[in-house]
Structures are given as structure tokens and as C-alpha cells.
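Inspection log for the structure reproduced underneath, given as C-alpha cells.
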Amino acid sequence: MTQDRLFVDCTTHGAACGVTVLHDVAFHARHDGSAQRYVVRFPPAVAPDTPRDVLLAFHGHGSDRWQFITQTRDECQATRDFADARGLLMISPDYRATTSWMGPAAEADVVQIIEETRQRIPVRRVFLCGGSMGGTACLIFAARHPDLVAGVASMNGTANLVEYANFSEAIAASYGGSRTEVPDEYRGRSAELHPERLTMPLGLTVSGRDESVPPHSVRRLAEALRARGRRVLLIDREEAGHVTAYDDARAILDFMLNHATSSTDHVAP
């Protein structure tokens, strides 16, 4: 792994004021040998050797690793402010960049990033957040690797790739075929179909007028999780479109962290 670019951001983030250090990291992907990247964002006033929680932030369709690091839209600003206020190290991966949808290659990259981060710094717990495609990615990865994830904050994602009709060409390219060609890939990446695996706390936002990523599957997932006695917060804004407001993003992020266990040893399915 090579850390080949270092940035220092001397701005104020929420209540925390100080120097925020950014590492733009290149690594050799075990999955296929390709060069991949992610950004590490160290919160101000936290010593490098301090055990800490890590927040992986997954960008949306058409974006890349810099979305949650630099954009001022509510979802991104709220995530940075949350990380600073609660002392979390942020990692924002490309996870195969603009059209990922957490396919097999992206999934393997995220597993590798978590493993190698734990080798380099003292990590307590790993949390996931993201919006749109990134909100979907959170749910996919958590359902497939519940042992690695302490909590999830998913904004405007889908929990069912079998029924999701948008971005079908990009998803097929990532998954290795269409839903009729590789149905097991789509079922295996549909969190709604595997609620028993989501044993960590989940904060979820959906919007009633969201035509890009309709809310129905996440609403059903939240109900299934509640029926199992899981720790879940669903914020459902019936009149909103494909967006999560700042206060709602902070609310689900705080819920996720406040209800997490002291380790990744979750309750039994």
C-alpha cells in the first residue's frame, strides 16, 4: 500500500476547529491486481496512535472518493461534522468509482481496506454510511459482512436490487450480468432479502418523491428489522425527493453510533 498524496485542510468543521489531515491512498487490489484508491480523513486533535472508530463513507453514482471529503451538500457536510464531533476517522473509497453498486470487485476492495487499515492503526469499530448508490452499498456490504460492521447509516438507498429498475446497465456491468443472467448476484446483494444478517444498528432515510431510488424496499426492510427487535431508525420524508437533509443525516449517524455495541460482536440472528 502506498500513501502518495498528503493534504492538510485548515478549515473549521462543525464544532471542531483545527487541522484535518487527508491522505489520498493508492493500493494494489487483491481481487484483480488493479490500482485502486481511497481517501483517509483524520479528525482534528486526535493523536495518530489513539484507538478509534472508523467511518467508511460511500459515494453516489457518478461520483468518486472525494464526494464525502469535499462536497458541501447536506449529506456530505453532516457526515464530516459528525466524524469530527465524535472523533471518527473517515475513509472514503472509490470502491470501483462512478458505477460501483458494490459489485464483487468493490466488495473485495472494501474488505481489503478494512483489513489493511486494522494492520496500520488501532481500530475499535467500523461503521458505514453513504447516499444513493452509497446508501445501497452500505446495506449490501453490511448484509454480506456483518462481522466487520458495527453500524450503518444509509441515506436514500435501495435494499432490493432484484426489483430496482434504474441504472440497470451500470449494475449489470458491475455484477457480471443482468438480473436474469446472474440472479444470485442480485439476490445476494439485496439486503431486504437477508434481514437476519443485519444485526447491527441501522439508521435509514428515504423520501416519498424519490424517483431515482424509490423508498419502498427500505421501508419494508425497516419493518422486517423492527419485527426482529433490531435497533433501527427510519426517517421517512414523504414530500422530499432524492435528498437527505442535514439534520436527518446527523440524526441517523448519531443513532448508529449511540446504539452500537462496544465491539463488532452483535446480537444473534
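By convention in this document, the chains of the C-alpha cells carry letters A, B, ... by their order, each chain's residues are numbered from 1, and ligands are numbered from 1 in the order they are shown.
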Checklist entry - Got a sec to tell me which of stretch 43-265 of chain A DSSP assigns to strand (DSSP E or B), as an NGL selection string? => result :A and (52-58 or 89-93 or 123-131 or 151-155 or 202-207 or 232-237)
Those same residues - C-alpha atoms - I'd like them written as a PDB file, in the first residue's frame.
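Result file follows (again_10.pdb):
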ATOM      1  CA  ARG A  52     -10.550   4.984  17.203  1.00  0.00           C
ATOM      2  CA  ASP A  53     -13.735   4.145  15.388  1.00  0.00           C
ATOM      3  CA  VAL A  54     -13.645   4.253  11.586  1.00  0.00           C
ATOM      4  CA  LEU A  55     -16.423   5.520   9.316  1.00  0.00           C
ATOM      5  CA  LEU A  56     -16.398   4.311   5.716  1.00  0.00           C
ATOM      6  CA  ALA A  57     -18.331   6.783   3.537  1.00  0.00           C
ATOM      7  CA  PHE A  58     -19.567   5.505   0.165  1.00  0.00           C
ATOM      8  CA  LEU A  89     -11.535   8.558  11.252  1.00  0.00           C
ATOM      9  CA  MET A  90     -13.221   8.757   7.845  1.00  0.00           C
ATOM     10  CA  ILE A  91     -12.292   6.571   4.898  1.00  0.00           C
ATOM     11  CA  SER A  92     -13.903   7.390   1.557  1.00  0.00           C
ATOM     12  CA  PRO A  93     -13.127   4.716  -1.054  1.00  0.00           C
ATOM     13  CA  VAL A 123      -9.229   0.427  15.085  1.00  0.00           C
ATOM     14  CA  ARG A 124     -12.056  -0.114  17.570  1.00  0.00           C
ATOM     15  CA  ARG A 125     -15.107  -0.476  15.328  1.00  0.00           C
ATOM     16  CA  VAL A 126     -16.028   0.062  11.676  1.00  0.00           C
ATOM     17  CA  PHE A 127     -19.176   1.954  10.662  1.00  0.00           C
ATOM     18  CA  LEU A 128     -20.656   2.524   7.198  1.00  0.00           C
ATOM     19  CA  CYS A 129     -22.527   5.438   5.673  1.00  0.00           C
ATOM     20  CA  GLY A 130     -23.412   6.634   2.201  1.00  0.00           C
ATOM     21  CA  GLY A 131     -26.042   8.213   0.000  1.00  0.00           C
ATOM     22  CA  GLY A 151     -23.400   0.118  12.438  1.00  0.00           C
ATOM     23  CA  VAL A 152     -24.887   1.581   9.255  1.00  0.00           C
ATOM     24  CA  ALA A 153     -26.301   4.971   8.222  1.00  0.00           C
ATOM     25  CA  SER A 154     -27.897   4.610   4.786  1.00  0.00           C
ATOM     26  CA  MET A 155     -29.337   7.652   3.010  1.00  0.00           C
ATOM     27  CA  LEU A 202     -29.187   0.895  11.264  1.00  0.00           C
ATOM     28  CA  GLY A 203     -30.178   4.492  10.607  1.00  0.00           C
ATOM     29  CA  LEU A 204     -32.118   4.901   7.357  1.00  0.00           C
ATOM     30  CA  THR A 205     -33.515   7.827   5.388  1.00  0.00           C
ATOM     31  CA  VAL A 206     -35.972   7.611   2.494  1.00  0.00           C
ATOM     32  CA  SER A 207     -38.065  10.132   0.576  1.00  0.00           C
ATOM     33  CA  VAL A 232     -33.357   0.724  13.619  1.00  0.00           C
ATOM     34  CA  LEU A 233     -34.306   4.349  12.971  1.00  0.00           C
ATOM     35  CA  LEU A 234     -36.185   5.158   9.755  1.00  0.00           C
ATOM     36  CA  ILE A 235     -36.649   8.817   8.824  1.00  0.00           C
ATOM     37  CA  ASP A 236     -39.242   8.928   6.046  1.00  0.00           C
ATOM     38  CA  ARG A 237     -39.857  12.329   4.415  1.00  0.00           C
TER      39      ARG A 237
END
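Residues in contact range of stretch 38-50 of chain A, defined as at most 8 Å between only C-alpha atoms, with sequence neighbours fewer than 3 positions away removed, read A:Ala16, A:Cys17, A:Gly18, A:Val19, A:Thr20, A:Val21, A:Leu22, A:His23, A:Asp24, A:Val25, A:Ala26, A:Arg65, A:Trp66, A:Ile69, A:Ala83, A:Asp84, A:Gly87, A:Leu88, A:Leu89, A:Met90, A:Ile91, A:Ser92, A:Pro93, A:Asp94, A:Tyr95, A:Ile121, A:Pro122.
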Emit the selected residues as a PDB file, in the first residue's frame, including C-alpha atoms.
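As a result, result14.pdb now contains:
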ATOM      1  CA  ALA A  16     -14.310  21.181  15.825  1.00  0.00           C
ATOM      2  CA  CYS A  17     -11.635  23.653  14.790  1.00  0.00           C
ATOM      3  CA  GLY A  18      -8.150  22.534  13.860  1.00  0.00           C
ATOM      4  CA  VAL A  19      -6.069  20.833  11.244  1.00  0.00           C
ATOM      5  CA  THR A  20      -7.681  17.997   9.327  1.00  0.00           C
ATOM      6  CA  VAL A  21      -5.186  15.736   7.572  1.00  0.00           C
ATOM      7  CA  LEU A  22      -6.159  13.944   4.365  1.00  0.00           C
ATOM      8  CA  HIS A  23      -4.264  11.003   2.857  1.00  0.00           C
ATOM      9  CA  ASP A  24      -5.051  10.052  -0.740  1.00  0.00           C
ATOM     10  CA  VAL A  25      -4.071   6.389  -0.721  1.00  0.00           C
ATOM     11  CA  ALA A  26      -3.296   4.066  -3.632  1.00  0.00           C
ATOM     12  CA  ARG A  65     -13.882   9.029  -3.346  1.00  0.00           C
ATOM     13  CA  TRP A  66     -13.804  12.830  -2.998  1.00  0.00           C
ATOM     14  CA  ILE A  69     -14.488  14.592   1.601  1.00  0.00           C
ATOM     15  CA  ALA A  83     -16.945  12.442  12.284  1.00  0.00           C
ATOM     16  CA  ASP A  84     -15.231  15.497  13.762  1.00  0.00           C
ATOM     17  CA  GLY A  87     -13.738  11.672  16.766  1.00  0.00           C
ATOM     18  CA  LEU A  88     -14.103   9.135  13.944  1.00  0.00           C
ATOM     19  CA  LEU A  89     -11.535   8.558  11.252  1.00  0.00           C
ATOM     20  CA  MET A  90     -13.221   8.757   7.845  1.00  0.00           C
ATOM     21  CA  ILE A  91     -12.292   6.571   4.898  1.00  0.00           C
ATOM     22  CA  SER A  92     -13.903   7.390   1.557  1.00  0.00           C
ATOM     23  CA  PRO A  93     -13.127   4.716  -1.054  1.00  0.00           C
ATOM     24  CA  ASP A  94     -13.554   4.802  -4.803  1.00  0.00           C
ATOM     25  CA  TYR A  95     -14.909   1.230  -4.478  1.00  0.00           C
ATOM     26  CA  ILE A 121      -3.727   1.814  13.070  1.00  0.00           C
ATOM     27  CA  PRO A 122      -5.609   0.772  16.231  1.00  0.00           C
TER      28      PRO A 122
END
Checklist entry - atom CA of A:Arg197 to atom CA of A:His59: how many Å, to one decimal? => result 23.3 Å
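Note that atom CA of A:Asn156 and atom CA of A:Glu238 are 12.3 Å apart.
Across the model, the gap from atom CA of A:Ala105 to atom CA of A:Ala173 is 11.1 Å.
Proximity to A:Gly157 was assessed for A:Pro183, A:Pro215, A:Pro104, A:Gly208 counting only C-alpha atoms; the smallest distance is recorded for A:Pro215.
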From a backbone DSSP assignment, name each residue in stretch 109-149 of chain A labelled alpha helix (DSSP H), as a PDB file with N, CA and C atoms, in the first residue's frame.
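Below is the file selection.pdb, written as the result:
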ATOM      1  N   ASP A 109     -12.546  -4.984  -2.503  1.00  0.00           N
ATOM      2  CA  ASP A 109     -11.702  -3.833  -2.166  1.00  0.00           C
ATOM      3  C   ASP A 109     -11.996  -3.325  -0.763  1.00  0.00           C
ATOM      4  N   VAL A 110     -13.271  -3.244  -0.400  1.00  0.00           N
ATOM      5  CA  VAL A 110     -13.629  -2.721   0.920  1.00  0.00           C
ATOM      6  C   VAL A 110     -13.156  -3.663   2.022  1.00  0.00           C
ATOM      7  N   VAL A 111     -13.296  -4.964   1.817  1.00  0.00           N
ATOM      8  CA  VAL A 111     -12.758  -5.922   2.786  1.00  0.00           C
ATOM      9  C   VAL A 111     -11.259  -5.706   2.957  1.00  0.00           C
ATOM     10  N   GLN A 112     -10.553  -5.539   1.859  1.00  0.00           N
ATOM     11  CA  GLN A 112      -9.108  -5.324   1.910  1.00  0.00           C
ATOM     12  C   GLN A 112      -8.770  -4.021   2.631  1.00  0.00           C
ATOM     13  N   ILE A 113      -9.507  -2.960   2.355  1.00  0.00           N
ATOM     14  CA  ILE A 113      -9.258  -1.677   3.013  1.00  0.00           C
ATOM     15  C   ILE A 113      -9.427  -1.810   4.525  1.00  0.00           C
ATOM     16  N   ILE A 114     -10.477  -2.484   4.957  1.00  0.00           N
ATOM     17  CA  ILE A 114     -10.699  -2.666   6.390  1.00  0.00           C
ATOM     18  C   ILE A 114      -9.566  -3.476   7.011  1.00  0.00           C
ATOM     19  N   GLU A 115      -9.198  -4.573   6.371  1.00  0.00           N
ATOM     20  CA  GLU A 115      -8.128  -5.418   6.899  1.00  0.00           C
ATOM     21  C   GLU A 115      -6.816  -4.650   7.008  1.00  0.00           C
ATOM     22  N   GLU A 116      -6.455  -3.922   5.966  1.00  0.00           N
ATOM     23  CA  GLU A 116      -5.169  -3.232   5.962  1.00  0.00           C
ATOM     24  C   GLU A 116      -5.183  -2.012   6.877  1.00  0.00           C
ATOM     25  N   THR A 117      -6.333  -1.381   7.037  1.00  0.00           N
ATOM     26  CA  THR A 117      -6.428  -0.277   7.994  1.00  0.00           C
ATOM     27  C   THR A 117      -6.210  -0.790   9.408  1.00  0.00           C
ATOM     28  N   ARG A 118      -6.781  -1.927   9.733  1.00  0.00           N
ATOM     29  CA  ARG A 118      -6.587  -2.513  11.059  1.00  0.00           C
ATOM     30  C   ARG A 118      -5.131  -2.895  11.305  1.00  0.00           C
ATOM     31  N   GLN A 119      -4.409  -3.225  10.260  1.00  0.00           N
ATOM     32  CA  GLN A 119      -2.992  -3.560  10.405  1.00  0.00           C
ATOM     33  C   GLN A 119      -2.134  -2.332  10.673  1.00  0.00           C
ATOM     34  N   ARG A 120      -2.611  -1.152  10.232  1.00  0.00           N
ATOM     35  CA  ARG A 120      -1.800   0.056  10.300  1.00  0.00           C
ATOM     36  C   ARG A 120      -2.105   0.935  11.503  1.00  0.00           C
ATOM     37  N   MET A 133     -26.441   5.470  -4.355  1.00  0.00           N
ATOM     38  CA  MET A 133     -25.674   4.254  -4.594  1.00  0.00           C
ATOM     39  C   MET A 133     -24.861   3.901  -3.363  1.00  0.00           C
ATOM     40  N   GLY A 134     -24.335   4.918  -2.682  1.00  0.00           N
ATOM     41  CA  GLY A 134     -23.569   4.679  -1.464  1.00  0.00           C
ATOM     42  C   GLY A 134     -24.427   4.169  -0.325  1.00  0.00           C
ATOM     43  N   GLY A 135     -25.676   4.653  -0.235  1.00  0.00           N
ATOM     44  CA  GLY A 135     -26.590   4.119   0.762  1.00  0.00           C
ATOM     45  C   GLY A 135     -26.930   2.670   0.488  1.00  0.00           C
ATOM     46  N   THR A 136     -27.059   2.335  -0.784  1.00  0.00           N
ATOM     47  CA  THR A 136     -27.259   0.944  -1.189  1.00  0.00           C
ATOM     48  C   THR A 136     -26.039   0.107  -0.848  1.00  0.00           C
ATOM     49  N   ALA A 137     -24.854   0.642  -1.131  1.00  0.00           N
ATOM     50  CA  ALA A 137     -23.601  -0.071  -0.867  1.00  0.00           C
ATOM     51  C   ALA A 137     -23.458  -0.419   0.605  1.00  0.00           C
ATOM     52  N   CYS A 138     -23.854   0.509   1.491  1.00  0.00           N
ATOM     53  CA  CYS A 138     -23.810   0.244   2.933  1.00  0.00           C
ATOM     54  C   CYS A 138     -24.602  -1.000   3.287  1.00  0.00           C
ATOM     55  N   LEU A 139     -25.825  -1.052   2.775  1.00  0.00           N
ATOM     56  CA  LEU A 139     -26.709  -2.164   3.105  1.00  0.00           C
ATOM     57  C   LEU A 139     -26.188  -3.476   2.532  1.00  0.00           C
ATOM     58  N   ILE A 140     -25.684  -3.426   1.306  1.00  0.00           N
ATOM     59  CA  ILE A 140     -25.128  -4.635   0.690  1.00  0.00           C
ATOM     60  C   ILE A 140     -23.968  -5.168   1.512  1.00  0.00           C
ATOM     61  N   PHE A 141     -23.001  -4.293   1.802  1.00  0.00           N
ATOM     62  CA  PHE A 141     -21.798  -4.752   2.493  1.00  0.00           C
ATOM     63  C   PHE A 141     -22.122  -5.246   3.896  1.00  0.00           C
ATOM     64  N   ALA A 142     -23.001  -4.545   4.605  1.00  0.00           N
ATOM     65  CA  ALA A 142     -23.350  -4.961   5.961  1.00  0.00           C
ATOM     66  C   ALA A 142     -24.038  -6.321   5.970  1.00  0.00           C
ATOM     67  N   ALA A 143     -24.913  -6.570   4.991  1.00  0.00           N
ATOM     68  CA  ALA A 143     -25.603  -7.853   4.927  1.00  0.00           C
ATOM     69  C   ALA A 143     -24.653  -8.988   4.565  1.00  0.00           C
ATOM     70  N   ARG A 144     -23.622  -8.687   3.801  1.00  0.00           N
ATOM     71  CA  ARG A 144     -22.676  -9.719   3.375  1.00  0.00           C
ATOM     72  C   ARG A 144     -21.525  -9.904   4.356  1.00  0.00           C
TER      73      ARG A 144
END
Checklist entry - Which residues come within 7 Å of A:Tyr186, counting only C-alpha atoms, excluding same-chain residues fewer than 5 positions away, as a VMD selection string? => result chain A and resid 161 to 162 179
Item to check | Among listed residues A:Pro214, A:Gly103, A:Gly229, A:Gly60, nearest A:Glu185 (using only C-alpha atoms) | outcome: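 Ranking A:Pro214, A:Gly103, A:Gly229, A:Gly60 by distance to A:Glu185, first place goes to A:Gly103.
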Item to check | Counting only C-alpha atoms, the residue of A:Ser100, A:Ala227, A:Tyr164, A:Ala29 that sits nearest A:Ser212 | outcome: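 Once distances to A:Ser212 are computed over only C-alpha atoms, the minimum belongs to A:Tyr164.
Restricting the calculation to only C-alpha atoms, the smallest distance between A:Arg226 and any of A:Thr199, A:Ala249, A:Thr72, A:His242 is found for A:Thr199.
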Checklist entry - Hey, which of A:Thr70, A:Ser217, A:Ser262, A:Thr79 ends up closest to A:Ser190? Count only C-alpha atoms. => result A:Ser217
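Among the candidates A:Arg37, A:His259, A:His145, A:His216, the residue lying nearest to A:Arg231 is A:His259 (atoms considered: only C-alpha atoms).
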